[in-house]
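Data block below; observations after.
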Amino acid sequence: MNGTPRTVIVVGSGPTGLLLAGDLAAAGLPVTLVEKRSPEISNLSRAFGLHARSLEQLDARGLAEPLEAIGRRLDRLRFFDLRLDFGALPSRFNHVLMVPQYEVEKVLRERAARAGVEFRYETEVTGVRQDRDGVTVAVRGPGGVPGELRARYVVGADGVRSAVRHAVGLPFPGRAVIRSVVIADVRFAEESGAELVGDSVPGAFVVIAPFGDGYHRVVGWQREHNVPDSEPVDLAEVKELVRRVTGRDFGMRDPRWLSRFHSEERQVPAYRVGRVLLAGDAAHVHSPAGGQGMNTGLQDAANLSWKLAAVLHGRAPDTLLDSYQSERHPVGRSVLRSSGGMIRLAMASRPWSRALRSAAVTTLDHAGPVRRRVAGLISGVGYRYAAPRGAHPLTGRRAPDVALAGGGRLYEALRGGRFVLITPDPPNVGGGDGAGDGDGRADRLVVARWASGRRTAVLVRPDGYVAWAAREADGAAVAAALAAHVG
């Protein structure tokens with residue numbers, strides 16, 4: 001079962017692992033994806049929507065359009081009287097796309113398979129041992145057959161109970177915030193409205209989100225019904241909870257999924273231990289409030305994949321991987337805080353706490369800049385990464401999907417997993433629009449010009465963040481930036 005050593009082993013075939021493995025394989029790297037489930041078992045998780053930044057990352061891989069075609073776009077969110085308008089986001093995806101996680105996994109799995117990822121299903125990680133040259137992963141394959149796999153790096157994207165995290169001895173500090181949350185995908189006989197809606201009464205809340213396929217996702221909780229996750233959920237319980245909070249059950253019927261879970265807030269102190277890295281729920285887990293879990297994991301993968309590819313192709317030092325921790329750990333911490341604040345708003349039951357919630361919501365509702373900032377953080381477009389002192393103000397910021405000369409746009413240019421250099425005029429790097437230079441950068445650099453009259457030169461990383469920028473940059477400055485970032 002040892003097989004040929006792989007460059008990277010990704011553990012976990014959820015959205016995070018699939019995006020990461022697909023990126024690495026598309027970059028020409030041998031990748032094995034290890035999953036303890038069988039391929040027939042759908043990952044029916046509580047994730048139910050894609051935010052703007054995740055859609056941008058999928059767009060950079062040519063995957064946003066198929067999901068947009070089957071999902072339902074919501075440009076507003078009402079969460080316990082707090083109204084957020086995503087229609088004002090500075091993104092072509094100025095909405096939340098309601099689409100089940102298994103649909104996201106489907107398009108990511110198909111892409112990974114086309115790129116050449118080796119899938120090993122029904123294979124469970126039982127140990128991880130790393131040395132100076134690589135990592136040995138002990139596994140138990142189909143039928144319980146033991147074996148070992150070898151790679152230069154291993155990424156654990158295997159969820160909240162991560163075997164990889166446990167094997168490298170990383171703590172997962174935090175606590176359970178709320179228990180016995182019910183979750184259901186059901187049809188409604190009555191229309192619930194076009195918004196994602198959260199409502200509450202003392203001691204109970206529900207969140208209702210419409211999918212684009214006739215089903216609605218219902219998430220609910222009531223304080224006095226605190227039972228183990230293993231306790232079965234039936235449609236009658238969900239109906240009673242929704243009636244208690246909203247006054248009606250919308251003619252709920254035809255459940256395709258009923259489950260119960262508890263919500264935790266946890267984050268590992270380090271996303272990297274030598275040659276082992278963690279991403280998604282293996283690194284951070286939080287309440288489903290705001291629908292940020294799957295989205296944060298996808299953005300972890302987008303940040304890590306191009307860095308691993310650069311290191312493994314010999315274009316960057318191993319220390320580049322340290323920036324994955326410095327960039328993504330603060331984002332994970334911020335998501336814990338924002339989702340935790342939202343779930344605590346939902347759980348407010350005492351008169352003083354509900355009055356405090358009402359006052360906070362009223363303040364936010366009348367503070368446009370604050371409300372826009374909250375929408376930016378929940379959607380992911382509001383995050384930026386730290387930049388070196390003295391760097392251009394654009395450095396570290398998310399690059400919007402700007403128009404390029406010739407009719408293209410930035411996120412189309414990013415689809416090859418390459419850097420994109422945008423300049424006012426073609427710099428002396430050879431090839432002009434859409435080409436790299438004569439020193440072998442064509443496979444990792446696209447050169448383009450602004451469609452507008454902008455005079456700033458901008459180098460955009462493969463994950464859509466600005467690596468370098470300068471106004472009126474000369475050829476020497478551009479060449480230095482390319483050498484430092486592209487290799």
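Here, A, B, ... name the chains of the structure tokens in the order displayed, residue numbers run from 1 inside each chain, and ligands are numbered from 1 in the same displayed order.
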For this session: Please give the complete set of residues from range 130-351 of chain A that DSSP, run on the backbone, assigns to alpha helix (DSSP H), formatted as number ranges by chain.
Result: A: 163-167, 235-246, 293-312, 322-347, 351
Exercise. Quick one: residues within 8 Å of range 254-262 of chain A, only C-alpha atoms counted, chain neighbours fewer than 2 positions away excluded, as a list of chain:residue names?
Worked result: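 Once the adjacent positions are removed, what remains is A:Leu44, A:Ala176, A:Val177, A:Ile178, A:Arg179, A:Ser180, A:Val181, A:Val182, A:Ile183, A:Ala184, A:Asp185, A:Val186, A:Arg187, A:Asp229, A:Ser230, A:Glu231, A:Pro232, A:Val233, A:Asp234, A:Leu235, A:Met252, A:Glu264.
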Could you write out the selected residues, including C-alpha atoms, as a CSV table (one decimal), in the first residue's frame?
chain,number,residue,atom,x,y,z
A,44,LEU,CA,-24.1,16.4,4.4
A,176,ALA,CA,-18.7,24.3,23.2
A,177,VAL,CA,-20.8,27.4,22.9
A,178,ILE,CA,-24.2,25.9,22.2
A,179,ARG,CA,-25.6,22.3,22.3
A,180,SER,CA,-28.4,20.4,20.7
A,181,VAL,CA,-28.8,22.6,17.6
A,182,VAL,CA,-31.2,21.0,15.1
A,183,ILE,CA,-30.6,21.2,11.4
A,184,ALA,CA,-33.0,20.3,8.6
A,185,ASP,CA,-33.3,20.6,4.8
A,186,VAL,CA,-37.0,20.7,4.1
A,187,ARG,CA,-39.5,21.9,1.5
A,229,ASP,CA,-26.1,14.9,19.4
A,230,SER,CA,-27.0,11.3,18.9
A,231,GLU,CA,-30.7,11.9,19.8
A,232,PRO,CA,-32.8,11.5,16.6
A,233,VAL,CA,-34.5,14.5,15.1
A,234,ASP,CA,-37.9,14.2,13.5
A,235,LEU,CA,-39.9,16.7,11.4
A,252,MET,CA,-42.8,22.2,6.2
A,264,GLU,CA,-17.8,24.9,19.3
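If only C-alpha atoms are the atoms counted, then among A:His225, A:Phe172, A:Ser200, A:Val285 the closest residue to Val268 in chain A is A:Phe172.
Within 8 Å of range 337-340 of chain A there are A:Glu265, A:His286, A:Ser287, A:Pro288, A:Ala289, A:Gly290, A:Gln292, A:Ile378, counting only C-alpha atoms and ignoring same-chain residues fewer than 6 positions away.
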Restricting it to N, CA and C atoms, dump the selection as a PDB file, in the first residue's frame.
ATOM      1  N   GLU A 265     -16.208  26.673  19.618  1.00  0.00           N
ATOM      2  CA  GLU A 265     -15.282  27.722  19.201  1.00  0.00           C
ATOM      3  C   GLU A 265     -13.878  27.257  19.583  1.00  0.00           C
ATOM      4  N   HIS A 286     -16.025  27.092  14.505  1.00  0.00           N
ATOM      5  CA  HIS A 286     -16.804  28.146  15.154  1.00  0.00           C
ATOM      6  C   HIS A 286     -18.274  27.926  14.864  1.00  0.00           C
ATOM      7  N   SER A 287     -19.105  28.790  15.403  1.00  0.00           N
ATOM      8  CA  SER A 287     -20.551  28.637  15.225  1.00  0.00           C
ATOM      9  C   SER A 287     -20.923  28.861  13.758  1.00  0.00           C
ATOM     10  N   PRO A 288     -22.054  28.288  13.312  1.00  0.00           N
ATOM     11  CA  PRO A 288     -22.463  28.478  11.917  1.00  0.00           C
ATOM     12  C   PRO A 288     -23.064  29.849  11.636  1.00  0.00           C
ATOM     13  N   ALA A 289     -23.145  30.700  12.637  1.00  0.00           N
ATOM     14  CA  ALA A 289     -23.744  32.024  12.442  1.00  0.00           C
ATOM     15  C   ALA A 289     -22.973  32.795  11.364  1.00  0.00           C
ATOM     16  N   GLY A 290     -23.694  33.289  10.382  1.00  0.00           N
ATOM     17  CA  GLY A 290     -23.071  34.016   9.288  1.00  0.00           C
ATOM     18  C   GLY A 290     -22.593  33.131   8.161  1.00  0.00           C
ATOM     19  N   GLN A 292     -19.871  31.179   7.786  1.00  0.00           N
ATOM     20  CA  GLN A 292     -18.484  31.483   7.429  1.00  0.00           C
ATOM     21  C   GLN A 292     -17.548  30.278   7.448  1.00  0.00           C
ATOM     22  N   ILE A 378     -17.958  39.441   6.985  1.00  0.00           N
ATOM     23  CA  ILE A 378     -18.717  38.198   6.832  1.00  0.00           C
ATOM     24  C   ILE A 378     -18.549  37.634   5.424  1.00  0.00           C
TER      25      ILE A 378
END
Problem set entry | 8 Å contact set for Thr395 in chain A, only C-alpha atoms, chain neighbours under 6 positions out, as number ranges by chain | A: 387, 465-469
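Between CA of Gln101 in chain A and CA of Gly416 in chain A lies a distance of 24.8 Å.
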For this session: Just the strand (DSSP E) stuff from range 38-94 of chain A, please, per backbone DSSP, written as a PyMOL selection string.
Result: chain A and resi 49-50+72-74+76-79+82-85
For all heavy atoms, I'd like the residues from the last selection saved as a JSON list (two decimals), in the first residue's frame.
[["chain", "number", "residue", "atom", "x", "y", "z"],
["A", 49, "GLY", "N", -23.87, 27.95, 2.21],
["A", 49, "GLY", "CA", -23.79, 29.09, 1.30],
["A", 49, "GLY", "C", -22.36, 29.52, 1.03],
["A", 49, "GLY", "O", -21.44, 29.23, 1.80],
["A", 50, "LEU", "N", -22.18, 30.19, -0.09],
["A", 50, "LEU", "CA", -20.89, 30.74, -0.50],
["A", 50, "LEU", "C", -20.96, 32.26, -0.45],
["A", 50, "LEU", "O", -21.87, 32.87, -1.03],
["A", 50, "LEU", "CB", -20.53, 30.28, -1.90],
["A", 50, "LEU", "CG", -20.19, 28.80, -2.06],
["A", 50, "LEU", "CD1", -20.18, 28.42, -3.54],
["A", 50, "LEU", "CD2", -18.84, 28.49, -1.42],
["A", 72, "ARG", "N", -29.14, 29.83, -5.25],
["A", 72, "ARG", "CA", -30.05, 30.97, -5.16],
["A", 72, "ARG", "C", -29.30, 32.16, -4.58],
["A", 72, "ARG", "O", -28.67, 32.05, -3.53],
["A", 72, "ARG", "CB", -31.25, 30.63, -4.27],
["A", 72, "ARG", "CG", -32.24, 31.78, -4.12],
["A", 72, "ARG", "CD", -33.54, 31.34, -3.49],
["A", 72, "ARG", "NE", -34.45, 32.45, -3.32],
["A", 72, "ARG", "CZ", -35.71, 32.33, -2.90],
["A", 72, "ARG", "NH1", -36.20, 31.12, -2.61],
["A", 72, "ARG", "NH2", -36.48, 33.38, -2.77],
["A", 73, "ARG", "N", -29.37, 33.28, -5.26],
["A", 73, "ARG", "CA", -28.65, 34.48, -4.82],
["A", 73, "ARG", "C", -29.49, 35.27, -3.84],
["A", 73, "ARG", "O", -30.66, 35.59, -4.12],
["A", 73, "ARG", "CB", -28.32, 35.37, -6.02],
["A", 73, "ARG", "CG", -27.49, 34.69, -7.09],
["A", 73, "ARG", "CD", -27.21, 35.66, -8.22],
["A", 73, "ARG", "NE", -26.57, 35.00, -9.35],
["A", 73, "ARG", "CZ", -26.13, 35.64, -10.42],
["A", 73, "ARG", "NH1", -26.28, 36.96, -10.51],
["A", 73, "ARG", "NH2", -25.55, 34.97, -11.41],
["A", 74, "LEU", "N", -28.89, 35.61, -2.72],
["A", 74, "LEU", "CA", -29.54, 36.46, -1.73],
["A", 74, "LEU", "C", -28.66, 37.68, -1.51],
["A", 74, "LEU", "O", -27.48, 37.55, -1.18],
["A", 74, "LEU", "CB", -29.73, 35.72, -0.40],
["A", 74, "LEU", "CG", -30.53, 34.42, -0.42],
["A", 74, "LEU", "CD1", -30.61, 33.84, 0.99],
["A", 74, "LEU", "CD2", -31.93, 34.66, -0.96],
["A", 76, "ARG", "N", -29.47, 40.08, 0.67],
["A", 76, "ARG", "CA", -29.71, 40.62, 2.02],
["A", 76, "ARG", "C", -29.70, 39.49, 3.04],
["A", 76, "ARG", "O", -30.06, 38.36, 2.75],
["A", 76, "ARG", "CB", -31.05, 41.35, 2.09],
["A", 76, "ARG", "CG", -31.17, 42.53, 1.17],
["A", 76, "ARG", "CD", -32.48, 43.27, 1.37],
["A", 76, "ARG", "NE", -33.64, 42.40, 1.25],
["A", 76, "ARG", "CZ", -34.19, 42.06, 0.09],
["A", 76, "ARG", "NH1", -33.69, 42.53, -1.05],
["A", 76, "ARG", "NH2", -35.24, 41.27, 0.04],
["A", 77, "LEU", "N", -29.33, 39.86, 4.24],
["A", 77, "LEU", "CA", -29.37, 38.94, 5.38],
["A", 77, "LEU", "C", -29.99, 39.68, 6.55],
["A", 77, "LEU", "O", -29.59, 40.81, 6.86],
["A", 77, "LEU", "CB", -27.95, 38.47, 5.72],
["A", 77, "LEU", "CG", -27.73, 37.52, 6.90],
["A", 77, "LEU", "CD1", -26.46, 36.71, 6.68],
["A", 77, "LEU", "CD2", -27.61, 38.28, 8.23],
["A", 78, "ARG", "N", -31.00, 39.07, 7.16],
["A", 78, "ARG", "CA", -31.58, 39.66, 8.38],
["A", 78, "ARG", "C", -31.36, 38.68, 9.52],
["A", 78, "ARG", "O", -31.91, 37.59, 9.52],
["A", 78, "ARG", "CB", -33.07, 39.94, 8.21],
["A", 78, "ARG", "CG", -33.70, 40.53, 9.48],
["A", 78, "ARG", "CD", -35.11, 41.02, 9.23],
["A", 78, "ARG", "NE", -36.03, 39.96, 8.89],
["A", 78, "ARG", "CZ", -36.60, 39.16, 9.80],
["A", 78, "ARG", "NH1", -36.31, 39.27, 11.09],
["A", 78, "ARG", "NH2", -37.45, 38.23, 9.42],
["A", 79, "PHE", "N", -30.52, 39.08, 10.43],
["A", 79, "PHE", "CA", -30.16, 38.20, 11.53],
["A", 79, "PHE", "C", -30.52, 38.89, 12.84],
["A", 79, "PHE", "O", -29.81, 39.77, 13.31],
["A", 79, "PHE", "CB", -28.65, 37.89, 11.48],
["A", 79, "PHE", "CG", -28.24, 36.70, 12.31],
["A", 79, "PHE", "CD1", -28.44, 35.42, 11.84],
["A", 79, "PHE", "CD2", -27.66, 36.89, 13.54],
["A", 79, "PHE", "CE1", -28.05, 34.33, 12.60],
["A", 79, "PHE", "CE2", -27.27, 35.81, 14.30],
["A", 79, "PHE", "CZ", -27.46, 34.53, 13.83],
["A", 82, "LEU", "N", -30.75, 42.65, 12.73],
["A", 82, "LEU", "CA", -29.60, 43.25, 12.08],
["A", 82, "LEU", "C", -29.69, 42.95, 10.59],
["A", 82, "LEU", "O", -29.71, 41.79, 10.18],
["A", 82, "LEU", "CB", -28.29, 42.67, 12.64],
["A", 82, "LEU", "CG", -27.00, 43.09, 11.92],
["A", 82, "LEU", "CD1", -26.79, 44.60, 12.02],
["A", 82, "LEU", "CD2", -25.81, 42.34, 12.47],
["A", 83, "ARG", "N", -29.76, 44.00, 9.78],
["A", 83, "ARG", "CA", -29.90, 43.83, 8.34],
["A", 83, "ARG", "C", -28.59, 44.16, 7.65],
["A", 83, "ARG", "O", -28.02, 45.24, 7.86],
["A", 83, "ARG", "CB", -31.02, 44.73, 7.79],
["A", 83, "ARG", "CG", -32.39, 44.34, 8.29],
["A", 83, "ARG", "CD", -33.48, 45.24, 7.71],
["A", 83, "ARG", "NE", -34.78, 44.85, 8.19],
["A", 83, "ARG", "CZ", -35.57, 43.95, 7.59],
["A", 83, "ARG", "NH1", -35.14, 43.35, 6.49],
["A", 83, "ARG", "NH2", -36.75, 43.65, 8.08],
["A", 84, "LEU", "N", -28.11, 43.23, 6.85],
["A", 84, "LEU", "CA", -26.89, 43.43, 6.09],
["A", 84, "LEU", "C", -27.23, 43.36, 4.61],
["A", 84, "LEU", "O", -27.88, 42.42, 4.16],
["A", 84, "LEU", "CB", -25.85, 42.37, 6.44],
["A", 84, "LEU", "CG", -25.33, 42.40, 7.88],
["A", 84, "LEU", "CD1", -24.37, 41.24, 8.11],
["A", 84, "LEU", "CD2", -24.66, 43.73, 8.20],
["A", 85, "ASP", "N", -26.78, 44.36, 3.87],
["A", 85, "ASP", "CA", -27.03, 44.43, 2.43],
["A", 85, "ASP", "C", -25.75, 44.08, 1.69],
["A", 85, "ASP", "O", -24.81, 44.87, 1.66],
["A", 85, "ASP", "CB", -27.50, 45.83, 2.07],
["A", 85, "ASP", "CG", -27.86, 45.95, 0.59],
["A", 85, "ASP", "OD1", -27.80, 44.93, -0.12],
["A", 85, "ASP", "OD2", -28.18, 47.07, 0.15]]
For this session: Compile the contact shell of Phe119 in chain A as a list in words: residues with an atom at most 7 Å away, counting only C-alpha atoms, same-chain residues fewer than 4 positions apart removed.
Result: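 Everything that qualifies: Thr32, Leu33 and Val34 of chain A.
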Problem set entry | Top pick for closest residue to Asp318 in chain A, considering A:Arg371, A:Arg471, A:Arg152, A:Lys239 and counting only C-alpha atoms |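 Closest to Asp318 in chain A, using only C-alpha atoms: A:Arg152.
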